[in-house]
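**Student:** Structure below; questions to follow.
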Amino acid sequence: MKRSLIVVPVLGLLAVACGGGEAGSGGDEVTLVTHDSFAVSDEVLDRFTEETGYTVRVLRGGDAGIVVNQAVLSQGNPQGDVLFGVDNTLLSRTLDEDVFAPHEAEGLAAVPEEYRLDGSEHRVTPVDTGDICVNYDRAWFEDRGLAPPGTFEDLADPAYRDLLVVQNAATSSPGLGFLLATVAAYGQDGWQDYWQRLADNGVEVVDGWEQAYNERFSGAGDGDRPLVVSYASSPPAGVVYGGEERPEQAPTGVAPDTCFRQIEFAGLLAGAANEEGGRALLDFLLSQEFQEDMPLQMFVNPVREDAALPEEFTRYGEVVDEPLTVDAELIAAHREEWIDEWTSLVVR
């Protein structure tokens with residue numbers, strides 16, 4: 001949590017406020033609904049307030065999947081003004097349910113067309129990208145003289161039994177992204193057999209990214225699983241929080257053949273109490289200042305082509321040249337069916 005923020009429980013979410021007022025009350029406060037991993041530096045957030053007069057109240061609601069589900073359930077009577085954190089795996093659900101009102105954000109011209117999945121309707125604004133990949137704990141594998149896995153097939157090999165922790169595809173956007181990566185790799189009729197092999201090989205399922213990475217992954221704490229579904233940009237985090245001395249390589253690595261491209265969006269919630277403030281906040285999320293602050297706050301990549309990356313990203317981040325993808329229309333048509341099948345195979 002940021003040093004100057006106040007933490008209180010509100011509406012089943014975690015509310016973090018910069019400034020006073022009531023959530024969703026309009027006036028000089030704007031409310032951002034988001035996932036637990038959202039972060040921004042105090043300095044950048046303060047400048048937004050100085051430039052617009054709006055203070056920001058942040059409501060954190062767990063993993064992105066949970067936040068999106070809540071936004072759909074409260075459509076038209078939202079818990080805030082802007083939602084940040086819906087990604088391309090869940091986007092169609094929010095658009096089909098009219099969760100967002102249109103807004104063409106300032107700075108959109110600096111964003112490549114490939115990230116603008118809502119076309120000219122502008123119901124959502126692309127904010128960041130990241131590649132969902134299996135990460136591994138370098139020291140764990142080096143200590144045991146075992147090569148880290150590089151492919152999906154490696155993960156199902158008995159040599160890596162009981163080593164992988166993944167997120168629940170029904171509640172977590174990284175978990176769903178990893179499921180979609182296997183759909184892309186094995187096809188609509190082949191991914192089920194692959195997940196059965198993973199289940200037989202001792203894959204562990206937890207609710208969300210925070211639990212998987214910070215509690216169960218040995219590369220981030222006291223967990224006993226040296227393989228975790230995370231991001232290609234996670235290794236720089238291990239460097240930034242690993243001490244003042246910069247190592248030759250990050251303490252964690254990435255299996256690039258397992259990566260799925262994720263795009264995160266923000267949108268003005270339909271029925272927002274502070275619509276004007278919400279529009280200003282969306283412009284801010286796409287500003288060069290926020291975009292360049294974001295990598296070392298949330299360890300994701302900016303969508304603006306003119307946003308500079310920090311040295312930690314260029315030196316320690318993994319560049320994925322050919323990430324796996326699944327067509328947005330195919331995701332929309334089969335997402336719930338695939339999640340149900342996955343749940344029956346792995347969770348029940």
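Just remember, in the structure tokens the first chain shown is A, the second B, etc., residues are 1-based per chain, and ligands are 1-based in the order shown.
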Applying 9 Å and only C-alpha atoms, which residues near Phe217 in chain A remain after dropping the ones on its own chain fewer than 2 positions away? List them as a count of residues only.

**Tutor:** 19

**Student:** Hey, what's within 8 Å of range 184-197 of chain A if we count only C-alpha atoms and toss same-chain stuff fewer than 2 positions away? As a list in words, please?

**Tutor:**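 Residues near the query, excluding close chain neighbours: Ala156, Leu180, Ala181, Thr182, Ala199, Asp200, Asn201, Leu324, Thr325, Val326, Glu341, Trp342, Leu345 and Val346 of chain A.
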
**Student:** Could those selected residues go to a file with N, CA and C atoms, as an mmCIF file, in the first residue's frame?

**Tutor:**
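Heads up, here's the output in result10.cif:
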data_model
loop_
_atom_site.group_PDB
_atom_site.id
_atom_site.type_symbol
_atom_site.label_atom_id
_atom_site.label_comp_id
_atom_site.auth_asym_id
_atom_site.auth_seq_id
_atom_site.Cartn_x
_atom_site.Cartn_y
_atom_site.Cartn_z
ATOM 1 N N ALA A 156 4.119 -31.453 -18.252
ATOM 2 C CA ALA A 156 3.397 -32.701 -18.002
ATOM 3 C C ALA A 156 4.345 -33.881 -17.803
ATOM 4 N N LEU A 180 -6.319 -20.509 -22.044
ATOM 5 C CA LEU A 180 -6.414 -20.157 -23.460
ATOM 6 C C LEU A 180 -5.109 -20.440 -24.203
ATOM 7 N N ALA A 181 -3.989 -20.301 -23.510
ATOM 8 C CA ALA A 181 -2.707 -20.646 -24.136
ATOM 9 C C ALA A 181 -2.690 -22.117 -24.526
ATOM 10 N N THR A 182 -3.250 -22.978 -23.675
ATOM 11 C CA THR A 182 -3.273 -24.408 -24.007
ATOM 12 C C THR A 182 -4.279 -24.703 -25.112
ATOM 13 N N ALA A 199 -3.094 -32.481 -14.482
ATOM 14 C CA ALA A 199 -3.716 -32.863 -13.214
ATOM 15 C C ALA A 199 -3.069 -34.131 -12.660
ATOM 16 N N ASP A 200 -2.821 -35.087 -13.541
ATOM 17 C CA ASP A 200 -2.176 -36.330 -13.112
ATOM 18 C C ASP A 200 -0.746 -36.078 -12.641
ATOM 19 N N ASN A 201 -0.158 -34.971 -13.114
ATOM 20 C CA ASN A 201 1.226 -34.650 -12.749
ATOM 21 C C ASN A 201 1.305 -33.717 -11.539
ATOM 22 N N LEU A 324 1.283 -16.792 -27.891
ATOM 23 C CA LEU A 324 0.072 -17.480 -28.318
ATOM 24 C C LEU A 324 -1.120 -16.541 -28.206
ATOM 25 N N THR A 325 -2.078 -16.685 -29.088
ATOM 26 C CA THR A 325 -3.295 -15.877 -29.057
ATOM 27 C C THR A 325 -4.489 -16.748 -29.437
ATOM 28 N N VAL A 326 -5.660 -16.310 -29.044
ATOM 29 C CA VAL A 326 -6.911 -16.927 -29.467
ATOM 30 C C VAL A 326 -7.814 -15.806 -29.946
ATOM 31 N N GLU A 341 -15.516 -26.983 -18.621
ATOM 32 C CA GLU A 341 -14.775 -28.214 -18.892
ATOM 33 C C GLU A 341 -13.501 -28.277 -18.058
ATOM 34 N N TRP A 342 -12.792 -27.157 -18.015
ATOM 35 C CA TRP A 342 -11.541 -27.095 -17.239
ATOM 36 C C TRP A 342 -11.822 -27.377 -15.766
ATOM 37 N N LEU A 345 -12.318 -30.974 -15.055
ATOM 38 C CA LEU A 345 -11.081 -31.757 -15.172
ATOM 39 C C LEU A 345 -10.136 -31.551 -14.010
ATOM 40 N N VAL A 346 -10.012 -30.299 -13.549
ATOM 41 C CA VAL A 346 -8.899 -29.952 -12.669
ATOM 42 C C VAL A 346 -9.336 -29.655 -11.239
#

**Student:** Choose the residue, out of A:Val319, A:Ala170, A:Val240, A:Leu296, that has the smallest atom-to-atom separation from Thr343 in chain A; count only C-alpha atoms.

**Tutor:**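 Ranking A:Val319, A:Ala170, A:Val240, A:Leu296 by distance to Thr343 in chain A, first place goes to A:Ala170.
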
**Student:** Can you list every residue in range 24-206 of chain A that DSSP puts in strand (DSSP E), as a PyMOL selection string?

**Tutor:** chain A and resi 29-34+55-60+82-87+100-101+125-137+164-167+204-206

**Student:** Write out the residues from the selection above, keeping C-alpha atoms, as an mmCIF file, in the first residue's frame.

**Tutor:**
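Generated file (result07.cif):
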data_model
loop_
_atom_site.group_PDB
_atom_site.id
_atom_site.type_symbol
_atom_site.label_atom_id
_atom_site.label_comp_id
_atom_site.auth_asym_id
_atom_site.auth_seq_id
_atom_site.Cartn_x
_atom_site.Cartn_y
_atom_site.Cartn_z
ATOM 1 C CA GLU A 29 -13.744 12.541 -6.074
ATOM 2 C CA VAL A 30 -13.507 9.851 -8.759
ATOM 3 C CA THR A 31 -13.649 6.152 -7.894
ATOM 4 C CA LEU A 32 -11.532 3.531 -9.650
ATOM 5 C CA VAL A 33 -12.633 -0.103 -9.345
ATOM 6 C CA THR A 34 -9.759 -2.488 -9.985
ATOM 7 C CA THR A 55 -8.937 12.982 -5.921
ATOM 8 C CA VAL A 56 -8.902 9.266 -6.641
ATOM 9 C CA ARG A 57 -10.513 6.569 -4.529
ATOM 10 C CA VAL A 58 -9.337 3.047 -5.407
ATOM 11 C CA LEU A 59 -11.574 0.039 -4.723
ATOM 12 C CA ARG A 60 -9.652 -3.236 -4.967
ATOM 13 C CA VAL A 82 -14.009 3.682 -13.904
ATOM 14 C CA LEU A 83 -13.035 0.016 -14.007
ATOM 15 C CA PHE A 84 -9.418 -0.913 -14.731
ATOM 16 C CA GLY A 85 -8.265 -4.495 -15.284
ATOM 17 C CA VAL A 86 -10.644 -6.178 -17.727
ATOM 18 C CA ASP A 87 -8.497 -7.967 -20.305
ATOM 19 C CA PHE A 100 -19.198 0.542 -20.106
ATOM 20 C CA ALA A 101 -20.129 3.903 -21.609
ATOM 21 C CA THR A 125 -9.363 2.058 -23.486
ATOM 22 C CA PRO A 126 -6.256 -0.166 -23.806
ATOM 23 C CA VAL A 127 -3.830 0.587 -20.965
ATOM 24 C CA ASP A 128 -1.160 -2.116 -20.809
ATOM 25 C CA THR A 129 -0.004 -5.432 -22.231
ATOM 26 C CA GLY A 130 1.693 -8.442 -20.711
ATOM 27 C CA ASP A 131 2.458 -12.015 -21.664
ATOM 28 C CA ILE A 132 1.085 -14.684 -19.326
ATOM 29 C CA CYS A 133 3.788 -17.346 -19.036
ATOM 30 C CA VAL A 134 5.139 -20.025 -16.750
ATOM 31 C CA ASN A 135 7.876 -18.559 -14.515
ATOM 32 C CA TYR A 136 10.527 -20.638 -12.772
ATOM 33 C CA ASP A 137 12.760 -20.236 -9.730
ATOM 34 C CA LEU A 164 3.532 -26.148 -10.880
ATOM 35 C CA VAL A 165 0.947 -23.825 -9.332
ATOM 36 C CA VAL A 166 -1.682 -22.156 -11.537
ATOM 37 C CA GLN A 167 -4.609 -19.809 -10.961
ATOM 38 C CA GLU A 204 -1.934 -27.129 -7.887
ATOM 39 C CA VAL A 205 -4.806 -24.659 -8.411
ATOM 40 C CA VAL A 206 -5.315 -21.533 -6.257
#

**Student:** Counting only C-alpha atoms, what is within 9 Å of Pro112 in chain A, bar same-chain residues fewer than 6 positions away, as a list of chain:residue names?

**Tutor:**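 Here the qualifying residues turn out to be A:Val303, A:Arg304, A:Glu305.
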
**Student:** Would you please work out which residue, of A:Gly65, A:Gly202, A:Gly53, A:Pro236, is nearest to Arg315 in chain A when using only C-alpha atoms?

**Tutor:** A:Pro236

**Student:** Give me, as a list in words, all polymer residues having an atom no more than 12 Å from Arg246 in chain A, counting only C-alpha atoms and skipping those fewer than 4 positions away in the same chain.

**Tutor:**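 Near Arg246 in chain A, the qualifying residues are Pro236, Ala237, Gly238, Val239, Val240, Tyr241, Gly242, Ala250, Pro251, Glu311, Glu312, Arg315 and Tyr316 of chain A.
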
**Student:** For N, CA, C and O atoms, I'd like the residues from the last selection saved as a PDB file, in the first residue's frame.

**Tutor:**
ATOM      1  N   PRO A 236      11.797  -8.809 -13.793  1.00  0.00           N
ATOM      2  CA  PRO A 236      12.292  -7.522 -13.290  1.00  0.00           C
ATOM      3  C   PRO A 236      11.823  -7.199 -11.877  1.00  0.00           C
ATOM      4  O   PRO A 236      12.540  -6.524 -11.129  1.00  0.00           O
ATOM      5  N   ALA A 237      10.643  -7.686 -11.484  1.00  0.00           N
ATOM      6  CA  ALA A 237      10.155  -7.433 -10.125  1.00  0.00           C
ATOM      7  C   ALA A 237      11.070  -8.078  -9.102  1.00  0.00           C
ATOM      8  O   ALA A 237      11.345  -7.511  -8.036  1.00  0.00           O
ATOM      9  N   GLY A 238      11.563  -9.283  -9.423  1.00  0.00           N
ATOM     10  CA  GLY A 238      12.480  -9.949  -8.512  1.00  0.00           C
ATOM     11  C   GLY A 238      13.783  -9.205  -8.341  1.00  0.00           C
ATOM     12  O   GLY A 238      14.428  -9.282  -7.285  1.00  0.00           O
ATOM     13  N   VAL A 239      14.173  -8.468  -9.375  1.00  0.00           N
ATOM     14  CA  VAL A 239      15.387  -7.651  -9.294  1.00  0.00           C
ATOM     15  C   VAL A 239      15.131  -6.390  -8.480  1.00  0.00           C
ATOM     16  O   VAL A 239      15.899  -6.040  -7.574  1.00  0.00           O
ATOM     17  N   VAL A 240      14.036  -5.703  -8.768  1.00  0.00           N
ATOM     18  CA  VAL A 240      13.720  -4.441  -8.101  1.00  0.00           C
ATOM     19  C   VAL A 240      13.557  -4.650  -6.598  1.00  0.00           C
ATOM     20  O   VAL A 240      14.015  -3.832  -5.790  1.00  0.00           O
ATOM     21  N   TYR A 241      12.916  -5.740  -6.197  1.00  0.00           N
ATOM     22  CA  TYR A 241      12.656  -5.980  -4.779  1.00  0.00           C
ATOM     23  C   TYR A 241      13.670  -6.935  -4.148  1.00  0.00           C
ATOM     24  O   TYR A 241      13.500  -7.356  -3.004  1.00  0.00           O
ATOM     25  N   GLY A 242      14.735  -7.242  -4.879  1.00  0.00           N
ATOM     26  CA  GLY A 242      15.711  -8.193  -4.380  1.00  0.00           C
ATOM     27  C   GLY A 242      16.916  -7.586  -3.701  1.00  0.00           C
ATOM     28  O   GLY A 242      17.827  -8.302  -3.288  1.00  0.00           O
ATOM     29  N   ALA A 250      18.029 -12.049 -13.640  1.00  0.00           N
ATOM     30  CA  ALA A 250      16.939 -12.053 -12.675  1.00  0.00           C
ATOM     31  C   ALA A 250      16.876 -13.395 -11.954  1.00  0.00           C
ATOM     32  O   ALA A 250      17.250 -14.429 -12.521  1.00  0.00           O
ATOM     33  N   PRO A 251      16.402 -13.426 -10.704  1.00  0.00           N
ATOM     34  CA  PRO A 251      16.310 -14.680  -9.959  1.00  0.00           C
ATOM     35  C   PRO A 251      15.253 -15.642 -10.496  1.00  0.00           C
ATOM     36  O   PRO A 251      15.250 -16.817 -10.143  1.00  0.00           O
ATOM     37  N   GLU A 311      15.166   0.796 -17.340  1.00  0.00           N
ATOM     38  CA  GLU A 311      16.304  -0.079 -17.595  1.00  0.00           C
ATOM     39  C   GLU A 311      16.070  -1.479 -17.050  1.00  0.00           C
ATOM     40  O   GLU A 311      16.522  -2.473 -17.643  1.00  0.00           O
ATOM     41  N   GLU A 312      15.365  -1.607 -15.938  1.00  0.00           N
ATOM     42  CA  GLU A 312      15.097  -2.927 -15.367  1.00  0.00           C
ATOM     43  C   GLU A 312      14.310  -3.813 -16.330  1.00  0.00           C
ATOM     44  O   GLU A 312      14.496  -5.026 -16.370  1.00  0.00           O
ATOM     45  N   ARG A 315      16.681  -4.698 -19.485  1.00  0.00           N
ATOM     46  CA  ARG A 315      17.789  -5.585 -19.125  1.00  0.00           C
ATOM     47  C   ARG A 315      17.318  -6.957 -18.647  1.00  0.00           C
ATOM     48  O   ARG A 315      17.911  -7.978 -19.008  1.00  0.00           O
ATOM     49  N   TYR A 316      16.255  -7.002 -17.848  1.00  0.00           N
ATOM     50  CA  TYR A 316      15.850  -8.253 -17.216  1.00  0.00           C
ATOM     51  C   TYR A 316      14.534  -8.832 -17.733  1.00  0.00           C
ATOM     52  O   TYR A 316      14.225  -9.989 -17.450  1.00  0.00           O
TER      53      TYR A 316
END

**Student:** Check the smallest atom-to-atom distance from each of A:His103, A:Arg279, A:Arg348, A:Arg335 to Leu91 in chain A using only C-alpha atoms, then report the winner.

**Tutor:**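 For Leu91 in chain A, the nearest of the given residues is A:Arg335.
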
**Student:** Restricting the calculation to only C-alpha atoms: of A:Ala266, A:Leu108, A:Ala159, A:Ala328, which residue gets closest to Ala147 in chain A?

**Tutor:**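 Once distances to Ala147 in chain A are computed over only C-alpha atoms, the minimum belongs to A:Ala159.
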